[in-house]
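Student: The file below is my_file-v9.csv, CSV, C-alpha atoms:
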```csv
chain,number,residue,atom,x,y,z
A,87,MET,CA,-1.4,18.7,-13.5
A,88,THR,CA,0.3,16.1,-11.2
A,89,GLN,CA,4.1,16.3,-11.1
A,90,ARG,CA,6.4,13.7,-9.8
A,91,ILE,CA,9.0,15.4,-7.6
A,92,VAL,CA,12.0,13.8,-6.0
A,93,VAL,CA,13.4,15.6,-3.0
A,94,LYS,CA,16.9,14.7,-1.6
A,95,ILE,CA,17.9,15.7,1.9
A,96,GLY,CA,21.4,15.2,3.2
A,97,SER,CA,22.7,14.3,6.6
A,98,SER,CA,23.7,17.9,7.5
A,99,SER,CA,20.2,19.1,7.0
A,100,LEU,CA,18.7,16.5,9.4
A,101,THR,CA,21.1,16.3,12.3
A,102,SER,CA,22.7,18.4,15.0
A,103,ASP,CA,26.2,19.7,14.7
A,104,THR,CA,27.5,16.7,16.7
A,105,GLY,CA,25.4,14.0,15.1
A,106,GLY,CA,22.1,12.4,16.0
A,107,LEU,CA,18.7,13.4,14.5
A,108,ASN,CA,17.3,16.8,15.1
A,109,PRO,CA,13.6,16.2,15.6
A,110,ASP,CA,12.7,19.8,14.7
A,111,LYS,CA,14.4,19.5,11.3
A,112,ILE,CA,12.6,16.2,10.6
A,113,ARG,CA,9.3,17.8,11.4
A,114,PHE,CA,10.0,20.8,9.3
A,115,PHE,CA,10.9,18.8,6.2
A,116,ALA,CA,7.9,16.5,6.7
A,117,SER,CA,5.6,19.5,6.8
A,118,GLU,CA,7.2,20.9,3.6
A,119,LEU,CA,6.9,17.6,1.8
A,120,ALA,CA,3.3,17.0,3.0
A,121,GLN,CA,2.5,20.5,1.5
A,122,LEU,CA,3.8,19.4,-1.8
A,123,GLN,CA,1.6,16.3,-1.8
A,124,GLN,CA,-1.4,18.3,-0.7
A,125,ASP,CA,-0.8,20.6,-3.7
A,126,GLY,CA,-1.4,17.6,-5.9
A,127,ASN,CA,2.1,16.3,-6.5
A,128,GLN,CA,3.5,12.8,-6.2
A,129,VAL,CA,6.4,13.1,-3.8
A,130,LEU,CA,9.4,10.9,-3.3
A,131,LEU,CA,12.1,11.5,-0.6
A,132,VAL,CA,15.7,10.4,-1.0
A,133,THR,CA,17.2,10.8,2.4
A,134,SER,CA,20.6,10.4,4.0
A,135,GLY,CA,21.1,10.4,7.8
A,136,ALA,CA,21.1,6.7,8.9
A,137,VAL,CA,24.8,6.6,9.8
A,138,ALA,CA,24.5,10.1,11.4
A,139,ALA,CA,21.4,9.1,13.3
A,140,GLY,CA,23.0,5.9,14.7
A,141,PHE,CA,26.6,6.5,15.5
A,142,THR,CA,26.0,8.3,18.8
A,143,SER,CA,23.8,5.5,20.0
A,144,LEU,CA,26.7,3.1,19.5
A,145,GLY,CA,29.0,5.3,21.6
A,146,TYR,CA,31.1,6.8,18.8
A,147,ARG,CA,32.1,10.3,19.5
A,148,THR,CA,32.4,11.3,15.8
A,149,ARG,CA,31.0,9.8,12.6
A,150,PRO,CA,32.9,6.5,12.0
A,151,LYS,CA,35.1,6.1,8.9
A,152,VAL,CA,35.7,2.3,9.0
A,153,LEU,CA,33.2,0.5,6.8
A,154,HIS,CA,32.0,-2.1,9.4
A,155,GLU,CA,31.5,0.7,12.0
A,156,LYS,CA,29.5,2.7,9.5
A,157,GLN,CA,27.4,-0.3,8.6
A,158,ALA,CA,26.6,-0.9,12.3
A,159,ALA,CA,25.7,2.7,12.8
A,160,ALA,CA,23.4,2.6,9.8
A,161,ALA,CA,21.7,-0.6,11.1
A,162,VAL,CA,20.8,1.3,14.3
A,163,GLY,CA,20.2,4.7,12.6
A,164,GLN,CA,17.9,3.5,9.8
A,165,ALA,CA,15.3,2.4,12.3
A,166,LEU,CA,15.6,5.7,14.2
A,167,LEU,CA,15.4,7.6,10.9
A,168,MET,CA,12.2,5.9,9.7
A,169,GLN,CA,10.5,6.2,13.1
A,170,ALA,CA,11.1,9.9,13.1
A,171,TYR,CA,9.8,10.3,9.6
A,172,HIS,CA,6.8,8.1,10.3
A,173,GLU,CA,5.8,10.2,13.3
A,174,ALA,CA,6.4,13.5,11.6
A,175,PHE,CA,4.4,12.6,8.4
A,176,ALA,CA,1.6,11.0,10.4
A,177,SER,CA,0.8,14.4,12.0
A,178,HIS,CA,-0.1,15.5,8.5
A,179,GLY,CA,-2.1,12.4,7.7
A,180,VAL,CA,0.6,11.1,5.3
A,181,SER,CA,1.8,7.5,5.2
A,182,VAL,CA,5.4,6.7,4.4
A,183,ALA,CA,7.3,3.6,3.1
A,184,GLN,CA,10.9,2.5,3.4
A,185,ILE,CA,12.9,1.5,0.3
A,186,LEU,CA,16.6,0.6,0.6
A,187,LEU,CA,18.6,0.3,-2.6
A,188,THR,CA,22.2,-0.5,-3.6
A,189,ARG,CA,24.2,-0.1,-6.8
A,190,TYR,CA,23.5,-3.7,-7.6
A,191,ASP,CA,19.7,-3.1,-7.6
A,192,PHE,CA,20.2,-0.5,-10.3
A,193,SER,CA,22.7,-2.6,-12.3
A,194,ASN,CA,20.2,-5.6,-12.5
A,195,ARG,CA,17.4,-4.7,-15.0
A,196,LYS,CA,14.8,-7.0,-13.3
A,197,ARG,CA,15.5,-5.7,-9.9
A,198,VAL,CA,15.2,-2.0,-11.0
A,199,GLN,CA,12.0,-2.8,-12.8
A,200,ASN,CA,10.6,-4.4,-9.6
A,201,ALA,CA,11.6,-1.3,-7.6
A,202,LEU,CA,9.8,0.9,-10.1
A,203,MET,CA,6.6,-1.1,-9.9
A,204,THR,CA,6.7,-0.9,-6.1
A,205,ILE,CA,7.3,2.9,-6.2
A,206,ASP,CA,4.5,3.4,-8.7
A,207,GLU,CA,2.0,1.5,-6.5
A,208,LEU,CA,3.0,3.5,-3.4
A,209,LEU,CA,2.6,6.8,-5.2
A,210,GLN,CA,-0.8,5.7,-6.7
A,211,ARG,CA,-2.0,5.1,-3.1
A,212,GLY,CA,-0.7,8.4,-1.8
A,213,VAL,CA,2.2,7.0,0.2
A,214,VAL,CA,5.6,8.9,0.2
A,215,PRO,CA,8.4,6.5,-0.6
A,216,ILE,CA,11.4,7.2,1.6
A,217,ILE,CA,14.5,5.9,-0.2
A,218,ASN,CA,18.0,5.4,1.2
A,219,GLU,CA,21.1,3.5,0.3
A,220,ASN,CA,21.2,0.1,2.1
A,221,ASP,CA,24.3,0.9,4.0
A,222,THR,CA,24.3,-2.2,6.1
A,223,VAL,CA,25.0,-4.5,3.1
A,224,SER,CA,26.9,-2.1,0.8
A,225,VAL,CA,30.4,-3.1,0.1
A,226,ASP,CA,31.9,0.1,-1.4
A,227,GLU,CA,32.1,3.3,0.6
A,228,LEU,CA,30.4,6.5,-0.6
A,229,LYS,CA,28.9,4.8,-3.7
A,230,PHE,CA,26.2,7.4,-4.1
A,231,GLY,CA,28.0,10.5,-2.8
A,232,ASP,CA,25.7,11.1,0.2
A,233,ASN,CA,22.8,9.9,-2.0
A,234,ASP,CA,23.2,12.7,-4.6
A,235,THR,CA,23.7,10.2,-7.4
A,236,LEU,CA,21.0,8.0,-6.0
A,237,SER,CA,18.5,10.8,-6.1
A,238,ALA,CA,19.4,11.5,-9.8
A,239,LEU,CA,19.0,7.8,-10.7
A,240,VAL,CA,15.6,7.7,-8.8
A,241,GLY,CA,14.5,10.9,-10.6
A,242,ASN,CA,15.3,9.3,-14.0
A,243,LEU,CA,13.7,6.0,-13.0
A,244,VAL,CA,10.3,7.4,-12.0
A,245,LYS,CA,10.4,10.0,-14.8
A,246,ALA,CA,10.2,12.9,-12.4
A,247,SER,CA,9.5,16.4,-13.5
A,248,LYS,CA,11.9,17.9,-11.0
A,249,LEU,CA,14.7,16.8,-8.6
A,250,ILE,CA,15.2,19.1,-5.6
A,251,ILE,CA,18.6,18.6,-3.9
A,252,ILE,CA,18.5,20.4,-0.5
A,253,THR,CA,21.9,21.6,0.8
A,254,ASP,CA,23.2,24.1,3.3
A,255,MET,CA,24.3,26.4,0.4
A,256,ASP,CA,21.9,28.6,-1.5
A,257,GLY,CA,23.1,27.3,-4.9
A,258,LEU,CA,26.3,27.0,-6.9
A,259,TYR,CA,28.8,29.9,-6.8
A,260,THR,CA,31.7,30.9,-9.0
A,261,ASP,CA,33.9,30.4,-5.8
A,262,ASP,CA,33.4,29.6,-2.2
A,263,PRO,CA,31.3,32.5,-0.8
A,264,ARG,CA,32.5,31.8,2.7
A,265,LYS,CA,36.0,32.6,1.6
A,266,ASN,CA,35.5,35.0,-1.3
A,267,ALA,CA,33.1,37.9,-0.9
A,268,ASN,CA,33.2,38.5,-4.7
A,269,ALA,CA,31.8,35.0,-5.5
A,270,GLN,CA,28.7,35.2,-7.5
A,271,ARG,CA,25.8,32.7,-7.4
A,272,ILE,CA,24.9,31.0,-10.7
A,273,ASP,CA,21.1,31.2,-11.0
A,274,ARG,CA,20.5,29.0,-14.0
A,275,VAL,CA,22.5,26.4,-15.9
A,276,ALA,CA,21.6,25.1,-19.4
A,277,ALA,CA,24.6,22.9,-19.9
A,278,ILE,CA,27.2,21.5,-17.5
A,279,SER,CA,30.8,22.4,-18.6
A,280,ASP,CA,34.2,21.6,-17.2
A,281,GLU,CA,34.3,25.2,-15.9
A,282,LEU,CA,31.1,24.6,-13.9
A,283,PHE,CA,32.6,21.5,-12.3
A,284,SER,CA,35.7,23.6,-11.3
A,285,PHE,CA,33.4,25.9,-9.3
A,286,ALA,CA,32.2,23.0,-7.1
A,287,GLY,CA,34.3,22.1,-4.1
A,288,GLY,CA,34.5,19.3,-1.5
A,289,SER,CA,32.3,18.4,1.4
A,290,GLY,CA,31.0,21.3,3.5
A,291,SER,CA,30.0,19.3,6.6
A,292,ALA,CA,31.7,16.8,8.9
A,293,VAL,CA,28.3,15.0,9.2
A,294,GLY,CA,27.5,14.5,5.5
A,295,THR,CA,29.7,13.1,2.7
A,296,GLY,CA,28.5,14.8,-0.4
A,297,GLY,CA,30.1,18.1,-1.5
A,298,MET,CA,28.8,20.5,-4.2
A,299,ARG,CA,30.7,18.6,-6.9
A,300,SER,CA,28.7,15.4,-6.3
A,301,LYS,CA,25.5,17.5,-6.5
A,302,VAL,CA,26.5,18.9,-9.9
A,303,GLU,CA,27.4,15.4,-11.1
A,304,ALA,CA,23.9,14.3,-10.0
A,305,ALA,CA,22.4,17.2,-11.9
A,306,ARG,CA,24.2,16.1,-15.0
A,307,ILE,CA,22.8,12.6,-14.7
A,308,ALA,CA,19.3,13.9,-14.1
A,309,MET,CA,19.4,16.4,-16.9
A,310,ARG,CA,20.5,13.7,-19.3
A,311,GLY,CA,17.4,11.8,-18.3
A,312,GLY,CA,15.1,14.8,-18.9
A,313,VAL,CA,14.7,15.9,-15.3
A,314,GLN,CA,15.1,19.5,-14.2
A,315,VAL,CA,17.1,20.1,-11.1
A,316,PHE,CA,17.3,22.6,-8.3
A,317,ILE,CA,20.2,22.7,-5.8
A,318,GLY,CA,19.8,25.0,-2.9
A,319,ARG,CA,18.6,25.9,0.5
A,320,VAL,CA,15.2,25.2,2.2
A,321,LEU,CA,15.1,26.8,5.7
A,322,GLU,CA,11.8,28.6,6.1
A,323,PRO,CA,8.2,27.3,5.8
A,324,GLY,CA,7.1,27.4,2.2
A,325,ASP,CA,10.6,27.4,0.8
A,326,LEU,CA,10.2,23.9,-0.7
A,327,PRO,CA,7.0,24.7,-2.7
A,328,ILE,CA,8.7,27.9,-3.8
A,329,ALA,CA,11.7,26.0,-5.0
A,330,VAL,CA,9.5,23.6,-7.0
A,331,GLY,CA,7.7,26.6,-8.4
A,332,GLY,CA,10.9,28.1,-9.8
A,333,SER,CA,11.8,30.9,-7.4
A,334,GLY,CA,13.9,29.0,-4.8
A,335,LYS,CA,17.1,30.0,-3.1
A,336,GLY,CA,19.5,28.2,-5.2
A,337,THR,CA,20.6,27.2,-8.7
A,338,TYR,CA,18.3,25.7,-11.4
A,339,PHE,CA,19.6,23.3,-14.0
A,340,ASP,CA,17.4,23.2,-17.1
A,341,THR,CA,17.1,20.5,-19.7
A,342,ALA,CA,15.4,20.4,-23.1
A,343,LEU,CA,15.8,16.6,-23.2
A,344,ASN,CA,12.9,14.1,-22.7
A,345,ASN,CA,12.7,11.4,-20.1
A,346,LEU,CA,14.7,8.3,-21.2
A,347,PRO,CA,13.0,4.9,-21.5
A,348,VAL,CA,13.9,2.6,-18.6
A,349,LYS,CA,16.0,0.4,-21.0
A,350,LYS,CA,18.1,3.4,-22.1
A,351,GLN,CA,18.4,4.5,-18.4
A,352,TRP,CA,19.8,1.1,-17.6
A,353,VAL,CA,22.3,1.3,-20.5
A,354,GLY,CA,23.4,4.8,-19.8
A,355,PHE,CA,23.5,5.0,-16.0
A,356,HIS,CA,22.9,1.6,-14.2
A,357,SER,CA,24.7,-1.1,-16.2
A,358,LEU,CA,28.2,-2.3,-15.6
A,359,PRO,CA,30.3,-1.7,-18.8
A,360,GLN,CA,32.4,-4.7,-19.9
A,361,GLY,CA,34.8,-2.8,-22.1
A,362,GLN,CA,35.6,0.3,-24.0
A,363,ILE,CA,35.6,1.2,-27.7
A,364,LEU,CA,37.7,4.1,-29.1
A,365,VAL,CA,36.3,6.0,-32.1
A,366,ASP,CA,37.7,8.6,-34.6
A,367,PRO,CA,36.5,12.2,-34.8
A,368,GLY,CA,34.0,11.4,-37.6
A,369,ALA,CA,32.3,8.7,-35.6
A,370,ARG,CA,32.3,10.9,-32.5
A,371,THR,CA,30.3,13.6,-34.4
A,372,ALA,CA,27.9,11.0,-35.9
A,373,LEU,CA,27.2,9.5,-32.4
A,374,VAL,CA,27.0,12.6,-30.3
A,375,SER,CA,25.2,15.1,-32.6
A,376,GLY,CA,24.3,13.2,-35.7
A,377,GLY,CA,21.9,10.6,-34.3
A,378,LYS,CA,23.8,7.9,-36.2
A,379,SER,CA,24.8,4.3,-35.4
A,380,LEU,CA,28.5,3.4,-34.8
A,381,LEU,CA,29.9,1.5,-37.8
A,382,PRO,CA,33.2,-0.4,-37.9
A,383,ALA,CA,34.8,2.2,-40.2
A,384,GLY,CA,34.8,4.7,-37.3
A,385,VAL,CA,36.4,2.4,-34.7
A,386,ILE,CA,40.0,2.9,-33.7
A,387,GLY,CA,40.3,0.1,-31.2
A,388,ALA,CA,38.8,-1.6,-28.2
A,389,THR,CA,39.8,-2.9,-24.7
A,390,GLY,CA,38.1,-5.4,-22.4
A,391,ASP,CA,36.6,-8.8,-22.9
A,392,PHE,CA,33.0,-8.2,-24.0
A,393,HIS,CA,30.5,-10.1,-26.1
A,394,PRO,CA,27.4,-9.3,-28.3
A,395,GLY,CA,24.7,-7.9,-26.0
A,396,ASP,CA,27.1,-6.4,-23.4
A,397,VAL,CA,27.2,-2.7,-22.6
A,398,VAL,CA,30.4,-0.9,-23.4
A,399,GLU,CA,31.7,2.7,-23.1
A,400,VAL,CA,32.6,4.6,-26.2
A,401,LEU,CA,35.5,7.1,-25.9
A,402,SER,CA,36.9,9.7,-28.2
A,403,LYS,CA,40.5,9.3,-29.5
A,404,GLU,CA,41.5,11.7,-26.7
A,405,GLY,CA,39.9,9.5,-24.0
A,406,LEU,CA,36.7,11.5,-23.4
A,407,LEU,CA,33.7,9.5,-22.5
A,408,LEU,CA,31.1,9.9,-25.2
A,409,GLY,CA,28.4,7.5,-24.0
A,410,ARG,CA,27.4,3.9,-23.6
A,411,GLY,CA,25.7,1.4,-25.8
A,412,VAL,CA,24.9,-2.3,-26.4
A,413,VAL,CA,27.5,-3.8,-28.6
A,414,ASN,CA,26.8,-6.2,-31.4
A,415,TYR,CA,30.4,-7.5,-31.7
A,416,ALA,CA,32.7,-9.5,-29.5
A,417,ALA,CA,36.0,-7.7,-28.5
A,418,TRP,CA,38.0,-9.9,-30.9
A,419,GLN,CA,35.6,-9.0,-33.7
A,420,ILE,CA,36.0,-5.3,-33.1
A,421,GLN,CA,39.8,-5.7,-33.3
A,422,ALA,CA,39.4,-7.5,-36.6
A,423,ALA,CA,36.9,-5.0,-38.1
A,424,ALA,CA,38.2,-1.7,-36.8
A,425,GLY,CA,38.5,0.9,-39.5
A,426,LEU,CA,37.1,-1.3,-42.3
A,427,SER,CA,34.3,-0.5,-44.6
A,428,THR,CA,31.0,-2.4,-44.3
A,429,GLU,CA,31.8,-4.5,-47.4
A,430,GLU,CA,35.2,-5.6,-46.0
A,431,VAL,CA,33.7,-6.4,-42.6
A,432,GLN,CA,31.1,-8.6,-44.2
A,433,LYS,CA,33.9,-10.6,-45.9
A,434,ARG,CA,36.0,-11.1,-42.8
A,435,VAL,CA,33.7,-11.2,-39.8
A,436,GLU,CA,30.4,-13.0,-39.2
A,437,VAL,CA,28.1,-10.8,-37.1
A,438,ALA,CA,24.3,-10.6,-36.7
A,439,ARG,CA,24.2,-6.8,-37.3
A,440,ILE,CA,26.8,-4.7,-39.2
A,441,GLU,CA,26.4,-1.8,-36.7
A,442,VAL,CA,28.9,-2.0,-33.9
A,443,ILE,CA,26.3,-0.1,-31.8
A,444,HIS,CA,22.9,0.7,-33.2
A,445,ARG,CA,21.5,4.2,-32.4
A,446,ASP,CA,18.5,2.7,-30.7
A,447,GLU,CA,20.9,1.0,-28.2
A,448,TRP,CA,23.0,4.1,-27.6
A,449,VAL,CA,23.0,6.7,-24.9
A,450,PRO,CA,25.2,9.8,-25.3
A,451,LEU,CA,26.8,11.1,-22.1
A,452,ALA,CA,29.1,13.8,-23.4
```
Once more with this new file: its structure as structure tokens, please.
Tutor:
Amino acid sequence: MTQRIVVKIGSSSLTSDTGGLNPDKIRFFASELAQLQQDGNQVLLVTSGAVAAGFTSLGYRTRPKVLHEKQAAAAVGQALLMQAYHEAFASHGVSVAQILLTRYDFSNRKRVQNALMTIDELLQRGVVPIINENDTVSVDELKFGDNDTLSALVGNLVKASKLIIITDMDGLYTDDPRKNANAQRIDRVAAISDELFSFAGGSGSAVGTGGMRSKVEAARIAMRGGVQVFIGRVLEPGDLPIAVGGSGKGTYFDTALNNLPVKKQWVGFHSLPQGQILVDPGARTALVSGGKSLLPAGVIGATGDFHPGDVVEVLSKEGLLLGRGVVNYAAWQIQAAAGLSTEEVQKRVEVARIEVIHRDEWVPLA
């Protein structure tokens, strides 16, 4: 059965130690990805490497840190990166396409739907979409954490079966194995806890920007969208198909959840929340594990200036993010209705729906 597989490759896996593309690495990964496609899978590649590929051509001795210098390096490097991929995939008879995305593309429902239609058409025609952040027009640095978050969002968007995040470490360890010989690799993860996040450290390479923590965060996003994740090493021929098959050199993140509809993906991961609503413990249980709507009686308070139809975050009394939803009340109406019974709210506030957030418009994130 055809699977959709998203593979994310970071800068450190594509470049030399001093920057610039390593042609042998590009050819290796193209061969591995082509093999996945030949095995009957639909393959998408989320790649970093534009800045790393371009900064030496501009005369920088090290990877630039100033935004406009990084954007200039990306403008040069993106062309070099795509040329290298085009030539490497062509030797296997595979066509590739370039797709550049920003946070804004995901936050706009029409734009993200258009991106999905383009990707679907490319996959149907046997083309490998190569997706990168549009660094030359991005205004905030490190928005996607070396594209780790981007790969998770893409995996959710296309309803991928698996997300393979390739890194220079063979999985997640209980401590840094380069410093602690007693560190143990975690082979499988069913749920991401605070303790698991504490195991993840910072960036491991001067060329890339994403550390293990950003990869675990990406896994959390993908798992919430019903996508299984592998984080690990691909060094030898056949390693990538083996990773997809479940016996790779790394950590597997399992999920029992189903793929989210595109609308719920947008609410949960892509939208820009316009405010926050605090709820009491009873409402927290009802929302997170009870499959219930949020009613005014469970609301403690709200912040922000939002209106009916806006997306808001819902927090516990302690400030823990529980999820996001489309609100049916304006901010001032929430303040007036907080803690009141349904009957009292109907007497005091005129709203189209009594639910503050209906369960069909709610995405839990806790």
Student: What residues have an atom no more than 8 Å from (21.3, 26.6, -3.4) in the file's own frame, counting all atoms listed in the file, and can you write them as JSON, numbers by chain?
Tutor: {"A": [252, 253, 254, 255, 256, 257, 258, 316, 317, 318, 319, 334, 335, 336, 337]}
Student: Using all atoms listed in the file, which residues sit within 9 Å of Pro109 in chain A once same-chain residues fewer than 6 positions away are excluded, as a ChimeraX atom specification?
Tutor: /A:100-101,170,174
Student: Record the distance separating CA of Gln123 in chain A and CA of Val180 in chain A, expressed in Å with one decimal.
Tutor: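 Between CA of Gln123 in chain A and CA of Val180 in chain A the gap is 8.9 Å.
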Student: Rounded to one decimal place, report the CA of Leu249 in chain A-CA of Ala305 in chain A distance in Å.
Tutor: 8.4 Å
Student: Which is closer to Gln360 in chain A than all the others in A:Leu381, A:Ile95, A:Ile440, A:Val413, using all atoms listed in the file?
Tutor: A:Val413
Student: So how many Å separate CA of Tyr146 in chain A and CA of Ile216 in chain A, to one decimal?
Tutor: 26.2 Å
Student: (24.8, 11.2, -6.6) in this file's frame - what residues fall within 12 Å of it? Use only C-alpha atoms and give the answer as an MDAnalysis selection string.
Tutor: chainID A and resid 94:96 132:134 189 218:219 228:241 249 251 295:308 355
Student: Quick one: of A:Gly395, A:Gly332, A:Gly311, A:Gly425, who's nearest to Leu364 in chain A, counting all atoms listed in the file?
Tutor: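 Smallest separation from Leu364 in chain A among the options: A:Gly425.
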Student: So that I can check the surroundings of Gly324 in chain A, please list as number ranges by chain every protein, DNA and RNA residue that reaches within 12 Å of it, counting only C-alpha atoms and ignoring chain neighbours fewer than 6 positions away.
Tutor: A: 114-122, 125, 330-331, 333-335
Student: Counting all atoms listed in the file, which residue out of A:Ile217, A:Val442, A:Ala158, A:Leu167 sits closest to Asn108 in chain A?
Tutor: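 So, comparing all the options, the nearest one is A:Leu167.
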Student: Which one of A:Lys378, A:Arg445, A:Arg195, A:Lys248 sits closest to His356 in chain A if you count only C-alpha atoms?
Tutor: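 Answer, going by the shortest atom-to-atom distance: A:Arg195.
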Student: Find the residues near Pro382 in chain A: any atom within 6 Å, counting all atoms listed in the file, skip ones fewer than 5 places away on the same chain, and give them as a count of residues only.
Tutor: 4
Student: Between A:Ser379, A:Val397, A:Phe175, A:Asn266, which has the minimum distance to Arg439 in chain A (counting all atoms listed in the file)?
Tutor: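 Of A:Ser379, A:Val397, A:Phe175, A:Asn266, the one nearest Arg439 in chain A is A:Ser379, counting all atoms listed in the file.
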